[in-house]
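Novice: First, the structure itself, so that you have it in front of you.
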Amino acid sequence: MRRCQQGEWEAFDLLMRQHEAKVYNIAYRMLGHPEDASDAAQEVFIRIYHALPKFRGECAFSTWLYRIAVNVCLDAVRRRARQPSIHESALVDTEEEADFMDHVPDVHPDPERVVMQKELQRLVHEAIQTLSESQRVVLVLYDLEGFTYEEIAAMLRTSIGTVKSRLNRARLALKAKLEPFMEQLQR
């Protein structure tokens, strides 16, 4: 970090490579579209580069970085709300999306089951996108990215109780949105 603050490009490149996948994952799950996530990740690292001289080390670098990532994503969500557009490719099938589904893979999946799992993935992805910003942020950071309550509270500059409350509301809202579809898929 100190080398970056002294202007060493190699050190910044290394720092960026260490965190780029996590930043992209957060952005993708917050924004729901690969191009938007890529743009947001670029914006995060541009902001980090310009803000490096101001980083005083009062918190962990990763906390500071992911807070900036969340802010960039929230800005993008707000801009998108003013100019709504639908991205057909937001429903990409990636191994990473399958990971957060928390399902037990079948050794010999039958075609019907594969189709049902992909449909469930699509529904979960769409349902996450409909959550409020505050709910989506904590759900993505905790359930999908694996941050602790303490880390999320530091990133969002809020209390642990608030994080837990928002996460609970997000899970309840997600469950309510998915229940009708779950009943259909079980038939």
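Order determines the names: the first chain of the structure tokens is A, the second B, and so forth; residues in each chain are numbered 1 upward, and ligands are numbered 1 upward as they are shown.
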Env of range 11-19 of chain A: 12 Å cut, atoms = only C-alpha atoms, seq-sep filter 2 positions within chain, self excluded. Answer as a ChimeraX atom specification.

Specialist: /A:1-9,21-26,41-42,44-50,52,61-66,69

Novice: Store the residues picked out above in a file with N, CA and C atoms, as a compact mmCIF listing (two decimals), in the first residue's frame.

Specialist:
```txt
# COMPACT_ATOMS: atom_id res chain seq x y z
N MET A 1 0.83 -1.19 0.00
CA MET A 1 0.00 0.00 0.00
C MET A 1 0.88 1.25 0.00
N ARG A 2 1.89 1.23 0.81
CA ARG A 2 2.80 2.40 0.86
C ARG A 2 3.48 2.62 -0.49
N ARG A 3 3.87 1.53 -1.14
CA ARG A 3 4.51 1.66 -2.45
C ARG A 3 3.54 2.28 -3.45
N CYS A 4 2.29 1.92 -3.36
CA CYS A 4 1.27 2.50 -4.25
C CYS A 4 1.16 3.99 -4.00
N GLN A 5 1.16 4.37 -2.74
CA GLN A 5 1.03 5.79 -2.40
C GLN A 5 2.25 6.58 -2.86
N GLN A 6 3.36 5.89 -3.06
CA GLN A 6 4.57 6.56 -3.55
C GLN A 6 4.63 6.57 -5.07
N GLY A 7 3.57 6.06 -5.72
CA GLY A 7 3.47 6.15 -7.16
C GLY A 7 4.03 4.97 -7.93
N GLU A 8 4.28 3.85 -7.30
CA GLU A 8 4.80 2.68 -8.00
C GLU A 8 3.66 1.96 -8.73
N TRP A 9 3.69 1.99 -10.05
CA TRP A 9 2.66 1.36 -10.86
C TRP A 9 2.59 -0.13 -10.63
N ALA A 21 -11.16 -9.62 -8.84
CA ALA A 21 -12.23 -10.62 -8.94
C ALA A 21 -13.33 -10.34 -7.92
N LYS A 22 -12.95 -10.02 -6.71
CA LYS A 22 -13.94 -9.75 -5.66
C LYS A 22 -14.74 -8.48 -5.99
N VAL A 23 -14.06 -7.45 -6.48
CA VAL A 23 -14.74 -6.21 -6.86
C VAL A 23 -15.72 -6.49 -8.01
N TYR A 24 -15.28 -7.25 -9.01
CA TYR A 24 -16.16 -7.58 -10.12
C TYR A 24 -17.38 -8.38 -9.63
N ASN A 25 -17.15 -9.36 -8.77
CA ASN A 25 -18.26 -10.18 -8.26
C ASN A 25 -19.28 -9.33 -7.52
N ILE A 26 -18.81 -8.43 -6.70
CA ILE A 26 -19.74 -7.54 -5.99
C ILE A 26 -20.52 -6.72 -7.00
N ALA A 41 -16.28 -1.96 -11.99
CA ALA A 41 -14.98 -2.37 -11.44
C ALA A 41 -13.88 -1.43 -11.90
N GLN A 42 -13.92 -1.05 -13.17
CA GLN A 42 -12.94 -0.08 -13.68
C GLN A 42 -13.05 1.23 -12.91
N VAL A 44 -14.15 1.72 -9.94
CA VAL A 44 -13.65 1.53 -8.58
C VAL A 44 -12.14 1.72 -8.55
N PHE A 45 -11.43 1.07 -9.46
CA PHE A 45 -9.97 1.16 -9.43
C PHE A 45 -9.46 2.53 -9.85
N ILE A 46 -10.20 3.22 -10.69
CA ILE A 46 -9.84 4.61 -11.02
C ILE A 46 -9.99 5.48 -9.78
N ARG A 47 -11.11 5.30 -9.07
CA ARG A 47 -11.31 6.08 -7.84
C ARG A 47 -10.25 5.74 -6.79
N ILE A 48 -9.92 4.47 -6.68
CA ILE A 48 -8.89 4.05 -5.71
C ILE A 48 -7.56 4.72 -6.05
N TYR A 49 -7.20 4.67 -7.32
CA TYR A 49 -5.93 5.26 -7.74
C TYR A 49 -5.87 6.74 -7.37
N HIS A 50 -6.95 7.46 -7.65
CA HIS A 50 -6.96 8.90 -7.36
C HIS A 50 -7.04 9.19 -5.87
N LEU A 52 -5.72 7.23 -3.44
CA LEU A 52 -4.63 6.61 -2.67
C LEU A 52 -3.90 7.58 -1.74
N PHE A 61 -7.35 -1.79 4.24
CA PHE A 61 -7.45 -1.38 2.84
C PHE A 61 -8.65 -2.04 2.17
N SER A 62 -8.85 -3.34 2.44
CA SER A 62 -9.95 -4.06 1.79
C SER A 62 -11.30 -3.47 2.17
N THR A 63 -11.46 -3.05 3.42
CA THR A 63 -12.72 -2.41 3.85
C THR A 63 -12.95 -1.13 3.06
N TRP A 64 -11.90 -0.34 2.93
CA TRP A 64 -11.97 0.92 2.18
C TRP A 64 -12.30 0.65 0.71
N LEU A 65 -11.62 -0.33 0.12
CA LEU A 65 -11.82 -0.68 -1.28
C LEU A 65 -13.25 -1.15 -1.52
N TYR A 66 -13.76 -2.06 -0.69
CA TYR A 66 -15.09 -2.61 -0.92
C TYR A 66 -16.17 -1.58 -0.62
N ALA A 69 -16.36 0.23 -3.76
CA ALA A 69 -17.05 -0.63 -4.74
C ALA A 69 -18.56 -0.57 -4.54
```

Novice: Write out as a compact mmCIF listing (two decimals) with C-alpha atoms, in the first residue's frame each polymer residue whose atoms come within 7 Å of range 70-74 of chain A, counting only C-alpha atoms; drop sequence neighbours fewer than 5 positions from it.

Specialist:
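Output below, filename result-v4.txt:
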```
# COMPACT_ATOMS: atom_id res chain seq x y z
CA ALA A 27 -20.49 -5.31 -8.96
CA MET A 30 -25.28 -5.66 -7.41
CA LEU A 31 -25.84 -4.62 -11.02
CA ALA A 40 -18.13 -0.42 -12.29
CA VAL A 44 -13.65 1.53 -8.58
```

Novice: Compare A:Ala127, A:Leu120, A:Ala37, A:Leu167 by their minimum atom-to-atom distance to Met182 in chain A, counting only C-alpha atoms, and give me the closest one.

Specialist: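 Of A:Ala127, A:Leu120, A:Ala37, A:Leu167, the one nearest Met182 in chain A, counting only C-alpha atoms, is A:Leu120.
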
Novice: In Å to one decimal, how far is CA of Ala153 in chain A from CA of Ser165 in chain A?

Specialist: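 These two atoms are separated by 11.6 Å.
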
Novice: May I have the residues within 7 Å of Val163 in chain A as a ChimeraX atom specification, using only C-alpha atoms and disregarding those fewer than 3 positions away in the same chain?

Specialist: /A:138,149,153,159-160,166-167

Novice: Could those residues be written to a file, using C-alpha atoms, as a PDB file, in the first residue's frame?

Specialist:
```
ATOM      1  CA  VAL A 138     -26.073  -6.672   2.620  1.00  0.00           C
ATOM      2  CA  TYR A 149     -21.258  -8.644   9.835  1.00  0.00           C
ATOM      3  CA  ALA A 153     -20.853  -2.685   9.056  1.00  0.00           C
ATOM      4  CA  SER A 159     -24.004  -0.792  13.102  1.00  0.00           C
ATOM      5  CA  ILE A 160     -23.840  -4.570  13.141  1.00  0.00           C
ATOM      6  CA  ARG A 166     -31.307  -5.491   6.668  1.00  0.00           C
ATOM      7  CA  LEU A 167     -30.068  -8.993   5.932  1.00  0.00           C
TER       8      LEU A 167
END
```

Novice: Per DSSP on the backbone, filter range 101-171 of chain A down to the residues in alpha helix (DSSP H) and report them as a ChimeraX atom specification.

Specialist: /A:111-130,133-139,149-156,160-171

Novice: Go ahead and save the picked residues with C-alpha atoms, as an mmCIF file, in the first residue's frame.

Specialist:
```cif
data_model
loop_
_atom_site.group_PDB
_atom_site.id
_atom_site.type_symbol
_atom_site.label_atom_id
_atom_site.label_comp_id
_atom_site.auth_asym_id
_atom_site.auth_seq_id
_atom_site.Cartn_x
_atom_site.Cartn_y
_atom_site.Cartn_z
ATOM 1 C CA PRO A 111 -32.182 -32.719 -18.616
ATOM 2 C CA GLU A 112 -35.373 -31.715 -16.811
ATOM 3 C CA ARG A 113 -33.476 -31.104 -13.581
ATOM 4 C CA VAL A 114 -30.829 -29.044 -15.391
ATOM 5 C CA VAL A 115 -33.533 -26.863 -16.947
ATOM 6 C CA MET A 116 -35.244 -26.442 -13.575
ATOM 7 C CA GLN A 117 -31.966 -25.449 -11.891
ATOM 8 C CA LYS A 118 -31.223 -22.886 -14.588
ATOM 9 C CA GLU A 119 -34.715 -21.479 -14.247
ATOM 10 C CA LEU A 120 -34.281 -21.268 -10.493
ATOM 11 C CA GLN A 121 -30.967 -19.470 -10.982
ATOM 12 C CA ARG A 122 -32.645 -16.984 -13.289
ATOM 13 C CA LEU A 123 -35.489 -16.403 -10.829
ATOM 14 C CA VAL A 124 -33.131 -15.887 -7.883
ATOM 15 C CA HIS A 125 -31.002 -13.510 -9.925
ATOM 16 C CA GLU A 126 -34.058 -11.476 -10.965
ATOM 17 C CA ALA A 127 -35.443 -11.480 -7.405
ATOM 18 C CA ILE A 128 -32.158 -10.167 -5.991
ATOM 19 C CA GLN A 129 -32.259 -7.332 -8.511
ATOM 20 C CA THR A 130 -35.701 -6.282 -7.241
ATOM 21 C CA GLU A 133 -30.528 -1.069 -2.433
ATOM 22 C CA SER A 134 -29.884 -1.491 1.273
ATOM 23 C CA GLN A 135 -31.200 -5.056 1.277
ATOM 24 C CA ARG A 136 -29.370 -6.049 -1.903
ATOM 25 C CA VAL A 137 -26.060 -4.685 -0.623
ATOM 26 C CA VAL A 138 -26.073 -6.672 2.620
ATOM 27 C CA LEU A 139 -27.411 -9.825 0.944
ATOM 28 C CA TYR A 149 -21.258 -8.644 9.835
ATOM 29 C CA GLU A 150 -18.382 -6.578 11.209
ATOM 30 C CA GLU A 151 -16.787 -6.095 7.779
ATOM 31 C CA ILE A 152 -20.091 -5.097 6.220
ATOM 32 C CA ALA A 153 -20.853 -2.685 9.056
ATOM 33 C CA ALA A 154 -17.443 -1.061 8.519
ATOM 34 C CA MET A 155 -17.962 -0.862 4.739
ATOM 35 C CA LEU A 156 -21.422 0.654 5.082
ATOM 36 C CA ILE A 160 -23.840 -4.570 13.141
ATOM 37 C CA GLY A 161 -27.471 -4.597 14.295
ATOM 38 C CA THR A 162 -28.493 -2.617 11.219
ATOM 39 C CA VAL A 163 -26.621 -5.048 8.975
ATOM 40 C CA LYS A 164 -28.352 -8.026 10.606
ATOM 41 C CA SER A 165 -31.739 -6.345 10.352
ATOM 42 C CA ARG A 166 -31.307 -5.491 6.668
ATOM 43 C CA LEU A 167 -30.068 -8.993 5.932
ATOM 44 C CA ASN A 168 -33.073 -10.523 7.660
ATOM 45 C CA ARG A 169 -35.462 -8.275 5.729
ATOM 46 C CA ALA A 170 -33.659 -9.071 2.475
ATOM 47 C CA ARG A 171 -33.932 -12.803 3.063
#
```
